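Student: What follows is the file start_6.csv, containing CSV, N, CA and C atoms:
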```csv
chain,number,residue,atom,x,y,z
A,1,MET,N,3.6,-9.7,7.5
A,1,MET,CA,4.9,-10.0,6.9
A,1,MET,C,5.5,-8.7,6.4
A,2,CYS,N,6.7,-8.4,6.7
A,2,CYS,CA,7.4,-7.1,6.3
A,2,CYS,C,8.0,-7.2,4.9
A,3,ASN,N,7.9,-6.1,4.2
A,3,ASN,CA,8.4,-6.1,2.9
A,3,ASN,C,9.8,-5.3,2.9
A,4,HIS,N,10.9,-6.0,2.7
A,4,HIS,CA,12.2,-5.4,2.7
A,4,HIS,C,12.8,-5.7,1.3
A,5,PRO,N,12.3,-4.9,0.3
A,5,PRO,CA,12.9,-5.1,-1.1
A,5,PRO,C,14.4,-4.7,-1.1
A,6,PRO,N,15.1,-5.3,-2.0
A,6,PRO,CA,16.6,-4.9,-2.1
A,6,PRO,C,16.8,-3.4,-2.5
A,7,GLU,N,15.8,-2.8,-3.2
A,7,GLU,CA,15.9,-1.4,-3.5
A,7,GLU,C,14.9,-0.7,-2.7
A,8,ASP,N,15.3,0.5,-2.2
A,8,ASP,CA,14.3,1.3,-1.4
A,8,ASP,C,13.3,1.9,-2.4
A,9,PRO,N,12.0,1.6,-2.2
A,9,PRO,CA,11.0,2.1,-3.2
A,9,PRO,C,10.9,3.6,-3.1
A,10,ARG,N,11.4,4.2,-2.1
A,10,ARG,CA,11.4,5.7,-2.0
A,10,ARG,C,12.3,6.3,-3.1
A,11,ASP,N,13.4,5.5,-3.4
A,11,ASP,CA,14.3,6.0,-4.4
A,11,ASP,C,13.6,5.9,-5.8
A,12,GLY,N,12.9,4.8,-6.0
A,12,GLY,CA,12.1,4.6,-7.2
A,12,GLY,C,11.1,5.8,-7.4
A,13,LEU,N,10.4,6.2,-6.4
A,13,LEU,CA,9.5,7.3,-6.5
A,13,LEU,C,10.2,8.6,-6.8
A,14,GLN,N,11.3,8.8,-6.1
A,14,GLN,CA,12.1,10.0,-6.4
A,14,GLN,C,12.6,10.1,-7.8
A,15,GLY,N,13.1,8.9,-8.3
A,15,GLY,CA,13.6,8.9,-9.7
A,15,GLY,C,12.4,9.1,-10.7
A,16,GLY,N,11.3,8.5,-10.4
A,16,GLY,CA,10.1,8.7,-11.3
A,16,GLY,C,9.7,10.1,-11.3
A,17,ALA,N,9.7,10.7,-10.1
A,17,ALA,CA,9.3,12.1,-10.0
A,17,ALA,C,10.2,13.0,-10.8
A,18,LEU,N,11.5,12.8,-10.8
A,18,LEU,CA,12.5,13.6,-11.5
A,18,LEU,C,12.3,13.3,-13.0
A,19,ALA,N,12.0,12.1,-13.4
A,19,ALA,CA,11.8,11.8,-14.8
A,19,ALA,C,10.5,12.5,-15.3
A,20,LEU,N,9.5,12.4,-14.5
A,20,LEU,CA,8.2,13.1,-14.8
A,20,LEU,C,8.4,14.6,-15.0
A,21,ALA,N,9.2,15.2,-14.1
A,21,ALA,CA,9.5,16.6,-14.2
A,21,ALA,C,10.2,16.9,-15.6
A,22,GLY,N,11.1,16.0,-16.0
A,22,GLY,CA,11.8,16.2,-17.2
A,22,GLY,C,10.9,16.1,-18.4
A,23,LEU,N,10.0,15.2,-18.3
A,23,LEU,CA,9.0,15.1,-19.4
A,23,LEU,C,8.1,16.3,-19.5
A,24,ARG,N,7.7,16.8,-18.3
A,24,ARG,CA,6.9,18.1,-18.2
A,24,ARG,C,7.6,19.2,-18.9
A,25,ASP,N,9.0,19.3,-18.7
A,25,ASP,CA,9.7,20.4,-19.3
A,25,ASP,C,9.8,20.2,-20.8
A,26,LEU,N,10.0,18.9,-21.2
A,26,LEU,CA,10.0,18.6,-22.7
A,26,LEU,C,8.7,19.0,-23.4
A,27,VAL,N,7.6,18.7,-22.8
A,27,VAL,CA,6.3,19.0,-23.3
A,27,VAL,C,6.1,20.5,-23.3
A,28,GLY,N,6.6,21.2,-22.2
A,28,GLY,CA,6.5,22.6,-22.2
A,28,GLY,C,7.3,23.3,-23.3
A,29,ASP,N,8.5,22.8,-23.6
A,29,ASP,CA,9.3,23.3,-24.7
A,29,ASP,C,8.5,23.2,-26.0
A,30,VAL,N,7.9,22.1,-26.2
A,30,VAL,CA,7.1,21.8,-27.5
A,30,VAL,C,5.9,22.8,-27.6
A,31,ARG,N,5.3,23.0,-26.4
A,31,ARG,CA,4.1,23.9,-26.4
A,31,ARG,C,4.5,25.3,-26.8
A,32,GLN,N,5.7,25.7,-26.4
A,32,GLN,CA,6.2,27.0,-26.7
A,32,GLN,C,6.8,27.2,-28.1
A,33,GLY,N,6.6,26.2,-28.9
A,33,GLY,CA,7.1,26.3,-30.3
A,33,GLY,C,8.4,25.7,-30.6
A,34,GLY,N,9.0,25.0,-29.6
A,34,GLY,CA,10.3,24.5,-29.7
A,34,GLY,C,10.3,23.2,-30.6
A,35,GLY,N,9.2,22.5,-30.7
A,35,GLY,CA,9.2,21.3,-31.5
A,35,GLY,C,10.0,20.2,-30.9
A,36,PHE,N,9.8,19.0,-31.5
A,36,PHE,CA,10.5,17.8,-31.1
A,36,PHE,C,11.8,17.7,-32.0
A,37,ASP,N,12.9,17.9,-31.4
A,37,ASP,CA,14.2,17.7,-32.2
A,37,ASP,C,14.5,16.3,-32.4
A,38,GLN,N,14.7,15.6,-31.3
A,38,GLN,CA,15.2,14.2,-31.3
A,38,GLN,C,14.1,13.3,-30.8
A,39,THR,N,13.1,13.8,-30.2
A,39,THR,CA,12.0,12.9,-29.6
A,39,THR,C,10.7,13.2,-30.3
A,40,GLY,N,10.1,12.2,-30.8
A,40,GLY,CA,8.8,12.3,-31.4
A,40,GLY,C,7.7,11.8,-30.5
A,41,PRO,N,6.5,11.8,-31.0
A,41,PRO,CA,5.4,11.3,-30.2
A,41,PRO,C,5.6,9.8,-29.8
A,42,ALA,N,6.1,9.0,-30.6
A,42,ALA,CA,6.3,7.6,-30.3
A,42,ALA,C,7.3,7.4,-29.1
A,43,GLU,N,8.4,8.2,-29.2
A,43,GLU,CA,9.4,8.1,-28.2
A,43,GLU,C,8.9,8.7,-26.9
A,44,LEU,N,8.1,9.8,-27.0
A,44,LEU,CA,7.5,10.4,-25.8
A,44,LEU,C,6.6,9.4,-25.1
A,45,GLY,N,5.8,8.6,-25.9
A,45,GLY,CA,5.0,7.6,-25.3
A,45,GLY,C,5.8,6.5,-24.6
A,46,GLU,N,6.9,6.1,-25.2
A,46,GLU,CA,7.8,5.1,-24.5
A,46,GLU,C,8.3,5.7,-23.2
A,47,LEU,N,8.7,6.9,-23.2
A,47,LEU,CA,9.3,7.5,-22.0
A,47,LEU,C,8.2,7.6,-20.9
A,48,LEU,N,7.0,7.9,-21.3
A,48,LEU,CA,5.9,7.9,-20.3
A,48,LEU,C,5.6,6.6,-19.8
A,49,ASP,N,5.7,5.5,-20.6
A,49,ASP,CA,5.5,4.2,-20.2
A,49,ASP,C,6.6,3.8,-19.2
A,50,MET,N,7.8,4.2,-19.5
A,50,MET,CA,8.9,3.8,-18.5
A,50,MET,C,8.7,4.5,-17.2
A,51,VAL,N,8.3,5.8,-17.2
A,51,VAL,CA,8.1,6.5,-15.9
A,51,VAL,C,7.0,5.9,-15.2
A,52,THR,N,5.9,5.6,-15.9
A,52,THR,CA,4.7,5.0,-15.3
A,52,THR,C,5.1,3.6,-14.6
A,53,ARG,N,5.8,2.8,-15.3
A,53,ARG,CA,6.2,1.5,-14.7
A,53,ARG,C,7.0,1.7,-13.5
A,54,ARG,N,7.9,2.6,-13.5
A,54,ARG,CA,8.8,2.8,-12.4
A,54,ARG,C,8.0,3.3,-11.1
A,55,ILE,N,7.1,4.3,-11.4
A,55,ILE,CA,6.4,4.8,-10.3
A,55,ILE,C,5.4,3.7,-9.7
A,56,GLU,N,4.7,3.0,-10.6
A,56,GLU,CA,3.8,1.9,-10.2
A,56,GLU,C,4.5,0.9,-9.4
A,57,ARG,N,5.7,0.4,-9.8
A,57,ARG,CA,6.5,-0.6,-9.1
A,57,ARG,C,6.8,-0.1,-7.7
A,58,ALA,N,7.3,1.2,-7.6
A,58,ALA,CA,7.7,1.7,-6.3
A,58,ALA,C,6.4,1.9,-5.4
A,59,ALA,N,5.3,2.3,-6.0
A,59,ALA,CA,4.1,2.5,-5.2
A,59,ALA,C,3.6,1.1,-4.7
A,60,ASP,N,3.7,0.1,-5.5
A,60,ASP,CA,3.3,-1.3,-5.0
A,60,ASP,C,4.2,-1.7,-3.9
A,61,GLN,N,5.5,-1.4,-4.0
A,61,GLN,CA,6.4,-1.8,-2.9
A,61,GLN,C,6.2,-1.1,-1.6
A,62,LEU,N,5.7,0.1,-1.7
A,62,LEU,CA,5.4,0.9,-0.5
A,62,LEU,C,4.2,0.5,0.3
A,63,GLN,N,3.4,-0.3,-0.3
A,63,GLN,CA,2.1,-0.7,0.4
A,63,GLN,C,2.4,-1.3,1.8
A,64,ASP,N,3.4,-2.1,1.9
A,64,ASP,CA,3.7,-2.7,3.2
A,64,ASP,C,5.2,-2.6,3.5
A,65,TYR,N,5.8,-1.6,3.0
A,65,TYR,CA,7.2,-1.3,3.1
A,65,TYR,C,7.6,-1.0,4.6
A,66,VAL,N,8.7,-1.6,5.0
A,66,VAL,CA,9.3,-1.2,6.3
A,66,VAL,C,10.8,-1.1,6.1
A,67,PRO,N,11.3,0.1,6.3
A,67,PRO,CA,12.7,0.4,6.1
A,67,PRO,C,13.6,-0.6,6.9
A,68,ARG,N,14.7,-1.0,6.4
A,68,ARG,CA,15.6,-1.8,7.1
A,68,ARG,C,16.1,-1.2,8.4
A,69,GLY,N,16.2,-2.0,9.4
A,69,GLY,CA,16.6,-1.5,10.7
A,69,GLY,C,15.4,-1.0,11.5
A,70,VAL,N,14.2,-1.0,11.0
A,70,VAL,CA,13.0,-0.5,11.7
A,70,VAL,C,12.2,-1.7,12.1
A,71,THR,N,11.8,-1.8,13.3
A,71,THR,CA,11.0,-2.9,13.8
A,71,THR,C,9.6,-2.4,13.8
A,72,PRO,N,8.7,-3.0,13.0
A,72,PRO,CA,7.3,-2.6,13.0
A,72,PRO,C,6.6,-2.8,14.4
A,73,PRO,N,5.6,-2.0,14.8
A,73,PRO,CA,5.0,-2.2,16.0
A,73,PRO,C,4.2,-3.6,16.0
A,74,ALA,N,4.2,-4.2,17.2
A,74,ALA,CA,3.4,-5.4,17.3
A,74,ALA,C,2.0,-5.2,17.2
A,75,GLU,N,1.3,-6.1,16.5
A,75,GLU,CA,-0.2,-6.0,16.3
A,75,GLU,C,-0.9,-6.7,17.4
```
Output the file's structure as C-alpha cells, nothing else.
Tutor:
Amino acid sequence: MCNHPPEDPRDGLQGGALALAGLRDLVGDVRQGGGFDQTGPAELGELLDMVTRRIERAADQLQDYVPRGVTPPAE
C-alpha cells in the first residue's frame, strides 16, 4: 500500500533540519559567552522536543512514501 500523506514528508525533514541548524547556532552563541537573552534551558528543551517530533513524524512518513504522480514498480 502506498503512503500519500497530504504533506510531503521531505518538507518536514527540510524544516526540521533548518530548525536544528538554528538551535545549533543558538547553542554556539551561548558557548561563546553570549548567554541566553530570551531563551533559557526550559525553552531550549521545548524547542528541541518540537524539532524532534517534526523530524520523527517526517521520518516515519518516509518509510513507505511514494510521491504523488509516481507509480511504484510492480512487485
Student: In Å, with one decimal, what is the gap from atom CA of Asp8 of chain A to atom CA of Arg24 of chain A?
Tutor: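 Result for atom CA of Asp8 of chain A versus atom CA of Arg24 of chain A: 24.9 Å, one decimal.
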Student: Neighbouring residues of segment 14-19 of chain A were defined as those with any atom within 10 Å, considering only C-alpha atoms; residues of the same chain fewer than 4 positions away were excluded. Please report them as a compact mmCIF listing (two decimals) with N, CA and C atoms, in the frame of the given file.
Tutor:
```txt
# COMPACT_ATOMS: atom_id res chain seq x y z
N PRO A 9 12.00 1.60 -2.20
CA PRO A 9 11.00 2.10 -3.20
C PRO A 9 10.90 3.60 -3.10
N ARG A 10 11.40 4.20 -2.10
CA ARG A 10 11.40 5.70 -2.00
C ARG A 10 12.30 6.30 -3.10
N LEU A 23 10.00 15.20 -18.30
CA LEU A 23 9.00 15.10 -19.40
C LEU A 23 8.10 16.30 -19.50
N ARG A 24 7.70 16.80 -18.30
CA ARG A 24 6.90 18.10 -18.20
C ARG A 24 7.60 19.20 -18.90
N ASP A 25 9.00 19.30 -18.70
CA ASP A 25 9.70 20.40 -19.30
C ASP A 25 9.80 20.20 -20.80
N LEU A 47 8.70 6.90 -23.20
CA LEU A 47 9.30 7.50 -22.00
C LEU A 47 8.20 7.60 -20.90
N LEU A 48 7.00 7.90 -21.30
CA LEU A 48 5.90 7.90 -20.30
C LEU A 48 5.60 6.60 -19.80
N MET A 50 7.80 4.20 -19.50
CA MET A 50 8.90 3.80 -18.50
C MET A 50 8.70 4.50 -17.20
N VAL A 51 8.30 5.80 -17.20
CA VAL A 51 8.10 6.50 -15.90
C VAL A 51 7.00 5.90 -15.20
N THR A 52 5.90 5.60 -15.90
CA THR A 52 4.70 5.00 -15.30
C THR A 52 5.10 3.60 -14.60
N ARG A 53 5.80 2.80 -15.30
CA ARG A 53 6.20 1.50 -14.70
C ARG A 53 7.00 1.70 -13.50
N ARG A 54 7.90 2.60 -13.50
CA ARG A 54 8.80 2.80 -12.40
C ARG A 54 8.00 3.30 -11.10
N ILE A 55 7.10 4.30 -11.40
CA ILE A 55 6.40 4.80 -10.30
C ILE A 55 5.40 3.70 -9.70
N GLU A 56 4.70 3.00 -10.60
CA GLU A 56 3.80 1.90 -10.20
C GLU A 56 4.50 0.90 -9.40
N ALA A 58 7.30 1.20 -7.60
CA ALA A 58 7.70 1.70 -6.30
C ALA A 58 6.40 1.90 -5.40
```
Student: Calculate how many Å separate atom N of Leu13 of chain A from atom N of Asp60 of chain A, rounding to one decimal.
Tutor: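 That distance, rounded to one decimal, is 9.1 Å.
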Student: Expressed in Å to a single decimal, how great is the separation between atom CA of Asp64 of chain A and atom CA of Gly12 of chain A?
Tutor: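 So the two atoms, atom CA of Asp64 of chain A and atom CA of Gly12 of chain A, lie 15.2 Å apart.
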